[in-house]
$ cat data.cif   # mmCIF, C-alpha atoms
data_model
loop_
_atom_site.label_atom_id
_atom_site.label_comp_id
_atom_site.auth_asym_id
_atom_site.auth_seq_id
_atom_site.Cartn_x
_atom_site.Cartn_y
_atom_site.Cartn_z
CA MET W 29 -24.19 -14.95 3.76
CA LYS W 30 -20.57 -15.94 3.67
CA ARG W 31 -19.48 -12.39 3.11
CA GLN W 32 -21.51 -11.19 6.05
CA PHE W 33 -19.72 -13.68 8.24
CA ALA W 34 -16.39 -12.55 6.92
CA LEU W 35 -17.37 -9.01 7.68
CA LEU W 36 -18.48 -9.88 11.19
CA GLY W 37 -15.24 -11.71 11.75
CA LEU W 38 -13.37 -8.68 10.65
CA MET W 39 -15.37 -6.47 12.92
CA GLY W 40 -14.48 -8.75 15.79
CA ARG W 41 -10.72 -8.78 15.54
CA GLY W 42 -9.10 -5.46 14.89
CA GLY W 43 -12.15 -4.53 12.84
CA ALA W 44 -14.90 -1.96 12.88
CA LEU W 45 -16.45 -2.78 16.27
CA SER W 46 -13.17 -2.77 18.08
CA LYS W 47 -12.31 0.46 16.28
CA ILE W 48 -15.44 2.12 17.66
CA HIS W 49 -14.59 0.75 21.07
CA GLU W 50 -11.06 2.10 20.81
CA LEU W 51 -12.38 5.41 19.58
CA ILE W 52 -14.62 5.93 22.56
CA ARG W 53 -12.17 4.66 25.16
CA GLU W 54 -8.93 5.98 23.84
CA MET W 55 -9.35 9.05 21.69
CA GLN W 56 -7.66 11.83 23.62
CA VAL W 57 -8.86 15.38 24.06
CA ALA W 58 -5.65 16.60 22.38
CA ARG W 59 -6.71 14.96 19.10
CA VAL W 60 -10.07 16.71 19.08
CA MET W 61 -9.47 20.15 20.60
CA THR W 62 -8.69 23.38 18.79
CA SER W 63 -5.07 23.97 19.73
CA SER W 64 -3.44 27.36 20.29
CA PRO W 65 -6.81 29.09 20.75
CA PHE W 66 -7.34 32.83 20.68
CA THR W 67 -7.00 34.36 24.13
CA LEU W 68 -7.93 37.64 25.77
CA THR W 69 -6.81 39.29 29.02
CA PRO W 70 -9.10 40.56 31.83
CA GLU W 71 -8.17 44.11 30.79
CA ASP W 72 -9.40 43.69 27.20
CA SER W 73 -12.90 45.08 26.54
CA MET W 74 -16.10 43.18 25.86
CA LEU W 75 -16.15 44.96 22.50
CA GLN W 76 -12.90 43.21 21.61
CA LEU W 77 -14.55 39.93 22.61
CA LYS W 78 -17.52 40.71 20.35
CA ASN W 79 -15.22 41.38 17.39
CA LEU W 80 -13.16 38.24 18.00
CA LEU W 81 -16.24 36.03 18.26
CA ARG W 82 -17.77 37.50 15.15
CA GLU W 83 -14.59 37.49 13.09
CA HIS W 84 -13.71 33.87 13.81
CA ARG W 85 -17.23 32.52 14.35
CA ILE W 86 -16.36 31.08 17.74
CA SER W 87 -18.43 31.07 20.90
CA GLY W 88 -15.97 31.48 23.74
CA VAL W 89 -12.40 32.52 24.55
CA PRO W 90 -10.05 31.59 27.42
CA VAL W 91 -8.84 34.57 29.47
CA VAL W 92 -5.16 34.62 30.44
CA GLU W 93 -3.05 36.83 32.64
CA ASP W 94 0.76 36.48 32.63
CA HIS W 95 0.40 33.21 30.63
CA GLU W 96 -1.87 31.80 33.36
CA LEU W 97 -5.45 30.76 32.66
CA VAL W 98 -7.66 32.95 34.87
CA GLY W 99 -11.09 32.50 33.33
CA ILE W 100 -13.25 31.94 30.30
CA VAL W 101 -15.58 34.35 28.56
CA SER W 102 -18.34 33.31 26.20
CA ILE W 103 -21.18 34.53 24.04
CA GLU W 104 -23.52 34.33 27.08
CA ASP W 105 -21.32 36.82 28.91
CA LEU W 106 -21.37 39.07 25.85
CA ILE W 107 -25.19 39.04 25.90
CA HIS W 108 -25.11 40.12 29.54
CA ALA W 109 -22.78 43.00 28.61
CA LEU W 110 -25.05 44.00 25.71
CA GLU W 111 -28.14 43.94 27.94
CA SER W 112 -26.49 46.23 30.44
CA HIS W 113 -25.00 48.46 27.68
CA ARG W 114 -21.48 47.87 28.97
CA LEU W 115 -19.61 46.80 25.85
CA ASP W 116 -16.70 49.03 26.89
CA ALA W 117 -16.33 47.25 30.23
CA PRO W 118 -13.29 45.04 30.83
CA ILE W 119 -13.69 41.31 30.29
CA GLY W 120 -12.71 40.79 33.92
CA ASP W 121 -16.15 42.10 34.92
CA PHE W 122 -18.07 39.45 32.99
CA MET W 123 -15.91 36.36 32.62
CA THR W 124 -16.34 33.13 34.56
CA ARG W 125 -13.52 33.21 37.05
CA THR W 126 -14.29 30.81 39.86
CA SER W 127 -14.96 27.07 39.70
CA LEU W 128 -13.51 26.98 36.21
CA VAL W 129 -14.16 23.62 34.54
CA THR W 130 -11.20 22.45 32.44
CA ALA W 131 -10.23 19.42 30.40
CA HIS W 132 -6.83 17.72 30.22
CA ALA W 133 -5.09 17.14 26.92
CA GLN W 134 -4.31 13.49 27.68
CA GLU W 135 -7.67 12.42 29.07
CA PRO W 136 -10.12 10.42 26.95
CA VAL W 137 -12.70 12.39 25.04
CA MET W 138 -15.41 10.42 26.83
CA GLU W 139 -14.31 11.87 30.17
CA ALA W 140 -14.59 15.37 28.77
CA LEU W 141 -18.01 14.57 27.32
CA ARG W 142 -19.20 13.38 30.74
CA ARG W 143 -18.04 16.67 32.28
CA PHE W 144 -19.96 18.62 29.64
CA GLU W 145 -23.09 16.68 30.57
CA VAL W 146 -22.68 17.12 34.33
CA THR W 147 -21.90 20.85 34.25
CA GLY W 148 -24.00 21.90 31.26
CA ILE W 149 -21.23 24.22 30.06
CA GLY W 150 -20.51 24.79 26.37
CA ARG W 151 -16.71 24.75 26.24
CA MET W 152 -13.66 23.95 28.32
CA PRO W 153 -10.12 25.29 28.22
CA VAL W 154 -7.67 22.39 27.78
CA LEU W 155 -4.58 22.22 29.97
CA ASP W 156 -1.47 20.09 29.59
CA ALA W 157 0.16 18.10 32.38
CA ARG W 158 1.87 21.22 33.71
CA GLY W 159 -1.35 23.21 33.81
CA LYS W 160 -0.50 25.29 30.75
CA LEU W 161 -3.31 26.31 28.39
CA VAL W 162 -2.95 24.33 25.14
CA GLY W 163 -6.41 24.44 23.59
CA ILE W 164 -10.15 24.73 23.84
CA ILE W 165 -12.77 22.05 23.33
CA THR W 166 -16.52 22.22 22.65
CA ARG W 167 -19.20 19.53 22.44
CA GLY W 168 -19.27 20.23 18.71
CA ASP W 169 -15.56 19.35 18.40
CA ILE W 170 -16.21 15.95 19.97
CA THR W 171 -19.25 15.26 17.81
CA MET W 172 -17.35 16.17 14.65
CA ALA W 173 -14.35 14.02 15.56
CA LEU W 174 -16.55 11.00 16.29
CA LEU W 175 -18.49 11.48 13.06
CA ARG W 176 -15.27 11.73 11.07
CA ALA W 177 -13.90 8.59 12.70
CA LEU W 178 -17.15 6.73 12.03
CA GLN W 179 -16.99 7.87 8.42
CA ASP W 180 -13.48 6.40 8.13
CA ILE W 181 -14.64 3.09 9.58
CA TYR W 182 -17.64 3.07 7.28
CA SER W 183 -15.49 3.59 4.16
CA GLU W 184 -13.20 0.81 5.32
CA VAL W 185 -16.08 -1.64 5.77
CA GLU W 186 -17.49 -0.58 2.42
CA ALA W 187 -14.15 -1.25 0.71
CA ILE W 188 -14.07 -4.73 2.24
CA GLN W 189 -17.62 -5.44 1.11
CA ASP W 190 -16.75 -4.45 -2.43
CA ARG W 191 -13.83 -6.82 -2.69
CA PRO W 192 -14.55 -10.43 -3.60
CA GLN W 193 -13.52 -12.74 -0.76
CA HIS W 194 -13.45 -15.89 -2.86
CA PHE W 195 -12.27 -16.71 -6.34
CA PHE W 196 -15.05 -16.03 -8.86
CA GLU W 197 -17.53 -15.50 -6.04
CA ALA W 198 -18.98 -12.43 -7.66
CA LEU W 199 -19.85 -14.24 -10.91
CA GLU W 200 -22.41 -16.99 -11.21
CA SER W 201 -23.19 -19.20 -14.19
CA ASP W 202 -23.19 -22.86 -15.16
CA ASN W 203 -19.88 -22.45 -16.90
CA THR W 204 -18.07 -19.23 -16.13
CA SER W 205 -14.89 -18.32 -17.90
CA LEU W 206 -13.01 -15.10 -18.31
CA GLN W 207 -10.99 -14.55 -21.48
CA LEU W 208 -8.21 -12.03 -21.71
CA ARG W 209 -6.22 -11.34 -24.89
CA TYR W 210 -3.03 -9.36 -25.31
CA ARG W 211 -0.97 -8.49 -28.35
CA VAL W 212 2.78 -8.54 -27.68
CA GLU W 213 5.07 -6.69 -30.09
CA LYS W 214 8.49 -8.01 -31.06
CA GLY W 215 11.34 -6.09 -29.47
CA ASP W 216 9.03 -4.01 -27.29
CA PHE W 217 11.16 -4.30 -24.17
CA ALA W 218 9.75 -1.12 -22.69
CA ARG W 219 6.31 -2.68 -22.37
CA GLY W 220 7.55 -6.20 -21.70
CA GLY W 221 5.64 -7.67 -18.79
CA ASP W 222 2.68 -5.36 -19.24
CA ALA W 223 0.32 -8.15 -20.32
CA SER W 224 1.42 -10.42 -17.48
CA ALA W 225 1.02 -7.64 -14.94
CA LYS W 226 -2.51 -7.07 -16.24
CA ILE W 227 -3.34 -10.77 -15.99
CA LYS W 228 -2.08 -10.75 -12.43
CA ARG W 229 -4.19 -7.71 -11.47
CA ALA W 230 -7.25 -9.26 -13.13
CA LEU W 231 -6.81 -12.48 -11.15
CA LEU W 232 -6.41 -10.61 -7.88
CA ARG W 233 -9.43 -8.49 -8.68
CA ILE W 234 -11.69 -11.49 -9.17
CA GLY W 235 -10.53 -12.96 -5.89
CA ALA W 236 -7.59 -15.28 -6.68
CA SER W 237 -5.11 -15.80 -3.86
CA PRO W 238 -1.76 -14.00 -4.07
CA GLN W 239 0.02 -17.36 -4.49
CA LEU W 240 -2.09 -18.38 -7.49
CA SER W 241 -1.90 -15.02 -9.25
CA ARG W 242 1.81 -14.92 -8.65
CA ARG W 243 2.66 -18.28 -10.21
CA VAL W 244 0.42 -17.54 -13.18
CA ALA W 245 2.02 -14.12 -13.61
CA ILE W 246 5.58 -15.45 -13.46
CA ALA W 247 4.91 -18.08 -16.12
CA ALA W 248 3.06 -15.57 -18.30
CA TYR W 249 5.90 -13.08 -17.93
CA GLU W 250 8.52 -15.58 -19.12
CA ALA W 251 6.31 -16.45 -22.10
CA GLU W 252 5.70 -12.78 -22.85
CA MET W 253 9.44 -12.06 -22.85
CA ASN W 254 9.96 -15.01 -25.20
CA LEU W 255 7.53 -13.43 -27.67
CA ILE W 256 9.37 -10.11 -27.42
CA ILE W 257 12.84 -11.66 -27.75
CA HIS W 258 12.47 -14.57 -30.16
CA THR W 259 9.60 -14.00 -32.60
CA ASP W 260 9.60 -12.56 -36.11
CA ASP W 261 6.68 -10.23 -35.49
CA GLY W 262 5.44 -10.65 -31.93
CA GLY W 263 2.53 -12.79 -30.88
CA LEU W 264 -0.55 -13.20 -28.74
CA ILE W 265 -1.15 -14.06 -25.13
CA LEU W 266 -4.55 -15.56 -24.40
CA ALA W 267 -5.73 -16.25 -20.89
CA ASP W 268 -8.76 -18.42 -20.20
CA VAL W 269 -9.69 -18.19 -16.56
CA GLN W 270 -12.16 -20.67 -15.08
CA PRO W 271 -13.08 -21.31 -11.46
CA THR W 272 -11.05 -24.52 -11.28
CA GLU W 273 -8.45 -24.03 -13.98
CA ILE W 274 -6.51 -21.29 -15.74
CA THR W 275 -5.02 -21.76 -19.18
CA ILE W 276 -2.59 -19.35 -20.75
CA VAL W 277 -1.48 -19.68 -24.34
CA ALA W 278 1.37 -17.76 -25.93
CA GLN W 279 1.46 -18.13 -29.69
CA ASP W 280 3.32 -16.63 -32.60
CA SER W 281 3.81 -17.18 -36.29
CA GLY W 282 7.50 -17.75 -36.51
CA PRO W 283 10.31 -18.45 -36.79
CA GLY W 284 9.58 -21.64 -34.79
CA ILE W 285 11.89 -23.70 -32.61
CA GLN W 286 14.26 -26.15 -34.28
CA ASP W 287 14.52 -28.62 -31.40
CA VAL W 288 11.79 -28.32 -28.80
CA GLU W 289 13.37 -30.82 -26.38
CA LEU W 290 16.68 -28.97 -26.52
CA ALA W 291 14.92 -25.64 -25.95
CA LYS W 292 13.45 -27.02 -22.73
CA GLN W 293 16.88 -27.85 -21.31
CA PRO W 294 18.08 -25.60 -18.51
CA GLY W 295 20.68 -23.12 -19.73
CA TYR W 296 19.92 -23.55 -23.41
CA SER W 297 19.35 -20.24 -25.15
CA THR W 298 19.70 -18.67 -28.57
CA ALA W 299 19.47 -15.15 -27.17
CA THR W 300 21.97 -12.56 -28.34
CA SER W 301 24.43 -10.93 -25.97
CA GLN W 302 22.36 -7.76 -26.20
CA ILE W 303 19.38 -9.59 -24.75
CA ARG W 304 21.55 -11.20 -22.10
CA GLU W 305 22.66 -7.73 -21.07
CA MET W 306 19.03 -6.95 -20.39
CA GLY W 307 18.86 -9.77 -17.86
CA PHE W 308 17.20 -12.35 -20.09
CA GLY W 309 18.30 -15.19 -22.31
CA ALA W 310 19.83 -17.30 -19.53
CA GLY W 311 17.99 -20.32 -20.84
CA MET W 312 15.85 -20.64 -17.74
CA GLY W 313 12.55 -19.35 -19.09
CA LEU W 314 10.90 -22.62 -20.04
CA VAL W 315 12.34 -24.33 -16.97
CA ASN W 316 10.78 -21.64 -14.83
CA ILE W 317 7.48 -21.85 -16.68
CA GLU W 318 7.36 -25.62 -16.16
CA ARG W 319 7.94 -25.10 -12.44
CA CYS W 320 5.03 -22.66 -12.15
CA THR W 321 2.51 -24.61 -14.22
CA ASP W 322 0.68 -27.85 -13.51
CA LYS W 323 0.95 -28.83 -17.15
CA MET W 324 2.91 -27.27 -19.96
CA SER W 325 2.91 -28.18 -23.62
CA LEU W 326 5.12 -26.69 -26.28
CA TRP W 327 4.48 -27.19 -29.95
CA SER W 328 6.58 -25.63 -32.65
CA ALA W 329 7.41 -25.98 -36.33
CA LEU W 330 10.13 -24.14 -38.19
CA GLY W 331 8.68 -21.53 -40.51
CA VAL W 332 5.20 -21.95 -38.99
CA GLY W 333 5.30 -20.76 -35.42
CA THR W 334 5.19 -21.75 -31.79
CA ARG W 335 2.38 -22.44 -29.35
CA LEU W 336 3.08 -22.66 -25.66
CA GLN W 337 0.17 -23.78 -23.50
CA MET W 338 0.33 -23.40 -19.74
CA MET W 339 -2.23 -24.92 -17.42
CA PHE W 340 -2.78 -24.02 -13.80
CA GLN W 341 -5.07 -26.03 -11.54
CA VAL W 342 -6.79 -23.82 -9.02
CA SER W 343 -6.16 -25.81 -5.86
CA PRO W 344 -8.48 -25.47 -2.84
CA GLU W 345 -5.74 -23.65 -0.92
CA GLU W 346 -5.52 -21.10 -3.71
CA VAL W 347 -9.13 -19.96 -3.56
CA GLY W 348 -10.92 -17.94 -0.98
CA GLU W 349 -7.75 -16.57 0.46
CA ALA W 350 -7.97 -13.14 -1.01
CA GLU W 351 -5.46 -10.95 0.73
CA GLU W 352 -6.72 -9.13 3.75
CA ALA W 353 -5.95 -5.46 3.82
CA MET T 8 14.48 -5.59 7.73
CA THR T 9 12.80 -2.24 7.25
CA LEU T 10 13.47 0.36 4.57
CA ASP T 11 15.41 2.50 7.03
CA GLU T 12 17.58 -0.44 8.05
CA ILE T 13 18.35 -1.28 4.42
CA LEU T 14 19.24 2.34 3.69
CA GLU T 15 21.52 2.42 6.71
CA ALA T 16 23.21 -0.93 6.03
CA THR T 17 24.03 -0.16 2.40
CA GLU T 18 24.43 3.64 2.67
CA ALA T 19 21.96 3.72 -0.19
CA GLU T 20 20.11 6.69 -1.56
CA LEU T 21 16.32 6.44 -1.73
CA LEU T 22 15.25 7.29 -5.29
CA ILE T 23 11.61 6.17 -5.14
CA GLU T 24 9.69 5.77 -1.93
CA PRO T 25 7.95 2.36 -1.78
CA ALA T 26 4.14 2.43 -1.65
CA TYR T 27 3.99 0.08 1.33
CA THR T 28 5.95 -0.20 4.53
CA PHE T 29 7.69 -3.56 4.85
CA ASP T 30 9.80 -5.73 7.08
CA LEU T 31 11.73 -8.16 4.88
CA GLU T 32 13.41 -11.42 5.73
CA PHE T 33 14.97 -12.46 2.42
CA ALA T 34 16.90 -10.97 -0.47
CA CYS T 35 17.91 -12.14 -3.92
CA ALA T 36 20.89 -10.61 -5.74
CA SER T 37 21.08 -11.31 -9.46
CA ASP T 38 21.35 -9.75 -12.88
CA LEU T 39 19.42 -12.63 -14.40
CA MET T 40 15.73 -11.86 -14.17
CA SER T 41 14.76 -15.47 -14.80
CA ASP T 42 16.87 -16.51 -11.83
CA VAL T 43 15.10 -13.95 -9.70
CA LEU T 44 11.76 -15.39 -10.80
CA VAL T 45 12.93 -18.94 -10.04
CA PHE T 46 14.15 -18.09 -6.56
CA THR T 47 11.39 -15.72 -5.66
CA LYS T 48 9.71 -15.69 -2.29
CA PRO T 49 7.07 -13.15 -1.33
CA ASN T 50 8.44 -10.08 0.41
CA MET T 51 11.95 -10.48 -0.86
CA LEU T 52 14.33 -7.63 -1.57
CA LEU T 53 15.74 -7.57 -5.11
CA VAL T 54 19.38 -6.52 -5.46
CA THR T 55 20.55 -6.07 -9.03
CA GLY T 56 22.91 -4.24 -11.35
CA LEU T 57 20.33 -4.35 -14.13
CA THR T 58 18.79 -0.89 -14.27
CA ASN T 59 16.32 -1.26 -17.14
CA PRO T 60 12.54 -1.33 -16.54
CA GLN T 61 12.53 -5.15 -16.62
CA ALA T 62 14.09 -5.11 -13.17
CA ILE T 63 10.98 -3.32 -11.90
CA ARG T 64 8.69 -5.66 -13.86
CA THR T 65 10.45 -8.61 -12.33
CA ALA T 66 10.12 -7.11 -8.85
CA ASP T 67 6.42 -6.62 -9.49
CA MET T 68 5.94 -10.25 -10.60
CA ALA T 69 8.02 -11.49 -7.70
CA GLU T 70 6.20 -9.18 -5.28
CA ALA T 71 9.43 -7.59 -4.15
CA PRO T 72 8.43 -4.29 -2.52
CA ALA T 73 11.77 -2.63 -3.31
CA VAL T 74 14.80 -2.91 -5.60
CA VAL T 75 18.37 -1.99 -4.71
CA PHE T 76 20.47 -0.97 -7.72
CA VAL T 77 24.17 -1.47 -7.08
CA ARG T 78 27.52 0.19 -7.81
CA GLY T 79 25.94 3.63 -7.94
CA LYS T 80 24.49 2.98 -11.39
CA TYR T 81 21.70 5.54 -11.62
CA PRO T 82 18.67 3.96 -13.34
CA PRO T 83 17.18 5.55 -16.47
CA GLN T 84 14.08 7.72 -16.18
CA GLU T 85 11.73 5.06 -17.61
CA THR T 86 12.77 2.66 -14.85
CA LEU T 87 12.02 5.23 -12.16
CA GLU T 88 8.69 6.10 -13.77
CA LEU T 89 7.61 2.45 -13.87
CA ALA T 90 8.66 1.96 -10.24
CA GLU T 91 6.67 5.02 -9.20
CA GLU T 92 3.65 3.72 -11.10
CA MET T 93 3.88 0.25 -9.54
CA GLY T 94 4.64 1.50 -6.06
CA ILE T 95 7.98 -0.30 -5.92
CA GLY T 96 10.73 1.37 -3.90
CA VAL T 97 14.05 2.12 -5.61
CA LEU T 98 17.33 2.40 -3.72
CA LEU T 99 20.77 3.18 -5.10
CA SER T 100 23.72 1.58 -3.31
CA PRO T 101 27.21 3.01 -3.80
CA TYR T 102 28.70 -0.48 -3.33
CA THR T 103 29.14 -3.30 -5.86
CA MET T 104 26.74 -6.21 -6.00
CA PHE T 105 29.07 -8.34 -3.86
CA GLU T 106 29.53 -5.69 -1.20
CA THR T 107 25.89 -4.58 -1.16
CA ALA T 108 24.75 -8.18 -0.76
CA GLY T 109 27.39 -8.76 1.92
CA LEU T 110 26.29 -5.71 3.90
CA LEU T 111 22.66 -6.78 3.74
CA PHE T 112 23.53 -10.35 4.74
CA GLN T 113 25.58 -9.06 7.65
CA ALA T 114 22.68 -6.87 8.72
CA GLY T 115 20.46 -9.96 8.94
CA LEU T 116 18.78 -10.52 5.55
CA LYS T 117 18.72 -14.18 4.54
CA GLY T 118 19.13 -15.90 1.19
CA ILE T 119 17.20 -18.95 0.04
CA GLY T 120 19.83 -21.47 1.10
CA LYS T 121 21.44 -24.42 -0.67
CA LEU T 122 20.25 -25.40 -4.16
CA PRO T 123 20.57 -28.70 -5.99
CA THR T 124 23.03 -29.02 -8.88
CA LEU T 125 21.58 -28.03 -12.21
CA ARG T 126 23.25 -29.71 -15.19
CA GLN T 127 23.11 -27.60 -18.35
CA GLN T 128 23.55 -28.20 -22.01
#
$ encode --input "data.cif" --output "structure tokens"
Amino acid sequence: MKRQFALLGLMGRGGALSKIHELIREMQVARVMTSSPFTLTPEDSMLQLKNLLREHRISGVPVVEDHELVGIVSIEDLIHALESHRLDAPIGDFMTRTSLVTAHAQEPVMEALRRFEVTGIGRMPVLDARGKLVGIITRGDITMALLRALQDIYSEVEAIQDRPQHFFEALESDNTSLQLRYRVEKGDFARGGDASAKIKRALLRIGASPQLSRRVAIAAYEAEMNLIIHTDDGGLILADVQPTEITIVAQDSGPGIQDVELAKQPGYSTATSQIREMGFGAGMGLVNIERCTDKMSLWSALGVGTRLQMMFQVSPEEVGEAEEA
Amino acid sequence: MTLDEILEATEAELLIEPAYTFDLEFACASDLMSDVLVFTKPNMLLVTGLTNPQAIRTADMAEAPAVVFVRGKYPPQETLELAEEMGIGVLLSPYTMFETAGLLFQAGLKGIGKLPTLRQQ
């Protein structure tokens, strides 16, 4: 139900319905017509017309004389020529010359469609503001353009329907939780941040707001870099995602932190100058993590390992605000 | 500030086209990725002299749609590849960090303002 409302809302403002409206009212002939069409002159023969129509599978051709539109000749005229065995006759003998119905490049497609209905003709030469021939338009061109546009709108609506609008909306259970595990290798700077980026994408995919996924990702990234920089042989990142709370644990098996309280101080770092050159080791990691989390606990023992637990409360403002495209 | 305006202000070269068009209000210039993450705001431009892939990672976490590398230091291939993959724009400014930041500030990009004193060990 909720999603249907969201969809309707979207259709209302700048969405599908207004797109259809815009399409019908505003799509110009120039966007739909075949531009730079083939042309013939009144002196060309009906045989040339026959070949042109057959070769390019078209049904009518504008006739020009000294760059001026003087008429239009179509498959109906060709049939007349065939019936009277006059394929060698000049086009000027058969073409529609008077009361020529034309369309204008800048007018809405709907206007052109109305003219097709009123006159019953099959095609219209298209003129620009200065009366120069710039294209040709058929009913089929308009139908195809509208169908294509509707197809685009349909895919757009479908994409919206597929995306969860609210955190965890797509999953139902008495106690839903999503667990993600990542192995982080020591010294693997090239892939550093990969796990955090994946956590972030996963959160966005299940409908977390950009704000929530961002603060989780930043904390996870700092923890991930700590595993890469400081551990003996890497570690694990475990994410437990629940509708109201997200917990991320970064753990390793050594070397452990000598003084946990000192490690939490801003600016304190044991990183080498090589690591500082890479933009890390400024001693702000844990400070930053603490800022992003609602609760952080750090346990460590020398020679045993370190366990950093980060908790994120999913606040009401952080759910159901999945980014609108 | 749009991509074109940033390119014009810093005379930068566009190395990777960003995946999205943007109009930014803020920028952060730093070689310390943690600092960038502390000061991050959505839709912020990252200006840095650090050309390794972590700069792109940091931009991704911080949702910076583009990174300006300074003093003409051409980033390594792996940095460009990651940026391409993540859709993050990469620009190369011929000016130093100070001058690049100054040009951007002059052109209208804002910083995050005054910060409280942070006492360190």
$ resolve_selection --input "data.cif" --expression "the PyMOL selection byres ((chain W) within 7 of (chain T))" --output "list in words"
Ala218, Gly221, Arg242, Ala245, Ile246, Gln293, Pro294, Gly295, Tyr296, Met306, Gly307, Phe308, Ala310, Met312, Gly313 and Asn316 of chain W
$ atom_distance --input "data.cif" --atom1 "CA of Asp30 (chain T)" --atom2 "CA of Ala247 (chain W)"
26.7 Å
$ resolve_selection --input "data.cif" --expression "the PyMOL selection byres ((chain T and resi 54) around 8)" --output "PyMOL selection string"
chain T and resi 34-37+52-53+55-56+74-77+104+108
$ residues_around --input "data.cif" --residues "region 68-73 of chain W" --least-positions-apart "6" --cutoff "8 Å" --atoms "all atoms listed in the file" --output "list in words"
Val89, Pro90, Val91, Val92, Glu93, Leu115, Asp116, Ala117, Pro118, Ile119, Gly120 and Asp121 of chain W
$ write_last_selection --input "data.cif" --atoms "C-alpha atoms" --output "PDB file, keeping the file's coordinate frame"
ATOM      1  CA  VAL W  89     -12.400  32.520  24.550  1.00  0.00           C
ATOM      2  CA  PRO W  90     -10.050  31.590  27.420  1.00  0.00           C
ATOM      3  CA  VAL W  91      -8.840  34.570  29.470  1.00  0.00           C
ATOM      4  CA  VAL W  92      -5.160  34.620  30.440  1.00  0.00           C
ATOM      5  CA  GLU W  93      -3.050  36.830  32.640  1.00  0.00           C
ATOM      6  CA  LEU W 115     -19.610  46.800  25.850  1.00  0.00           C
ATOM      7  CA  ASP W 116     -16.700  49.030  26.890  1.00  0.00           C
ATOM      8  CA  ALA W 117     -16.330  47.250  30.230  1.00  0.00           C
ATOM      9  CA  PRO W 118     -13.290  45.040  30.830  1.00  0.00           C
ATOM     10  CA  ILE W 119     -13.690  41.310  30.290  1.00  0.00           C
ATOM     11  CA  GLY W 120     -12.710  40.790  33.920  1.00  0.00           C
ATOM     12  CA  ASP W 121     -16.150  42.100  34.920  1.00  0.00           C
TER      13      ASP W 121
END
$ resolve_selection --input "data.cif" --expression "the PyMOL selection byres ((chain T and resi 18) around 12)" --output "VMD selection string"
chain T and resid 10 to 17 19 to 21 75 77 to 79 98 to 103 106 to 107 110 to 111
$ residues_around --input "data.cif" --residues "Pro271 (chain W)" --least-positions-apart "6" --cutoff "12 Å" --atoms "all atoms listed in the file" --output "list of chain:residue names"
W:His194, W:Phe195, W:Phe196, W:Glu197, W:Ala198, W:Leu199, W:Glu200, W:Ser201, W:Asp202, W:Asn203, W:Thr204, W:Ser205, W:Leu206, W:Leu231, W:Ile234, W:Gly235, W:Ala236, W:Phe340, W:Gln341, W:Val342, W:Ser343, W:Pro344, W:Glu346, W:Val347, W:Gly348
$ write_last_selection --input "data.cif" --atoms "C-alpha atoms" --output "mmCIF file, keeping the file's coordinate frame"
data_model
loop_
_atom_site.group_PDB
_atom_site.id
_atom_site.type_symbol
_atom_site.label_atom_id
_atom_site.label_comp_id
_atom_site.auth_asym_id
_atom_site.auth_seq_id
_atom_site.Cartn_x
_atom_site.Cartn_y
_atom_site.Cartn_z
ATOM 1 C CA HIS W 194 -13.450 -15.890 -2.860
ATOM 2 C CA PHE W 195 -12.270 -16.710 -6.340
ATOM 3 C CA PHE W 196 -15.050 -16.030 -8.860
ATOM 4 C CA GLU W 197 -17.530 -15.500 -6.040
ATOM 5 C CA ALA W 198 -18.980 -12.430 -7.660
ATOM 6 C CA LEU W 199 -19.850 -14.240 -10.910
ATOM 7 C CA GLU W 200 -22.410 -16.990 -11.210
ATOM 8 C CA SER W 201 -23.190 -19.200 -14.190
ATOM 9 C CA ASP W 202 -23.190 -22.860 -15.160
ATOM 10 C CA ASN W 203 -19.880 -22.450 -16.900
ATOM 11 C CA THR W 204 -18.070 -19.230 -16.130
ATOM 12 C CA SER W 205 -14.890 -18.320 -17.900
ATOM 13 C CA LEU W 206 -13.010 -15.100 -18.310
ATOM 14 C CA LEU W 231 -6.810 -12.480 -11.150
ATOM 15 C CA ILE W 234 -11.690 -11.490 -9.170
ATOM 16 C CA GLY W 235 -10.530 -12.960 -5.890
ATOM 17 C CA ALA W 236 -7.590 -15.280 -6.680
ATOM 18 C CA PHE W 340 -2.780 -24.020 -13.800
ATOM 19 C CA GLN W 341 -5.070 -26.030 -11.540
ATOM 20 C CA VAL W 342 -6.790 -23.820 -9.020
ATOM 21 C CA SER W 343 -6.160 -25.810 -5.860
ATOM 22 C CA PRO W 344 -8.480 -25.470 -2.840
ATOM 23 C CA GLU W 346 -5.520 -21.100 -3.710
ATOM 24 C CA VAL W 347 -9.130 -19.960 -3.560
ATOM 25 C CA GLY W 348 -10.920 -17.940 -0.980
#
$ residues_near_point --input "data.cif" --point "(7.9, -0.5, -3.0)" --cutoff "9 Å" --atoms "all atoms listed in the file" --output "tab-separated table (two decimals) with C-alpha atoms, keeping the file's coordinate frame"
chain	number	residue	atom	x	y	z
T	23	ILE	CA	11.61	6.17	-5.14
T	24	GLU	CA	9.69	5.77	-1.93
T	25	PRO	CA	7.95	2.36	-1.78
T	26	ALA	CA	4.14	2.43	-1.65
T	27	TYR	CA	3.99	0.08	1.33
T	28	THR	CA	5.95	-0.20	4.53
T	29	PHE	CA	7.69	-3.56	4.85
T	71	ALA	CA	9.43	-7.59	-4.15
T	72	PRO	CA	8.43	-4.29	-2.52
T	73	ALA	CA	11.77	-2.63	-3.31
T	74	VAL	CA	14.80	-2.91	-5.60
T	90	ALA	CA	8.66	1.96	-10.24
T	91	GLU	CA	6.67	5.02	-9.20
T	93	MET	CA	3.88	0.25	-9.54
T	94	GLY	CA	4.64	1.50	-6.06
T	95	ILE	CA	7.98	-0.30	-5.92
T	96	GLY	CA	10.73	1.37	-3.90
T	97	VAL	CA	14.05	2.12	-5.61
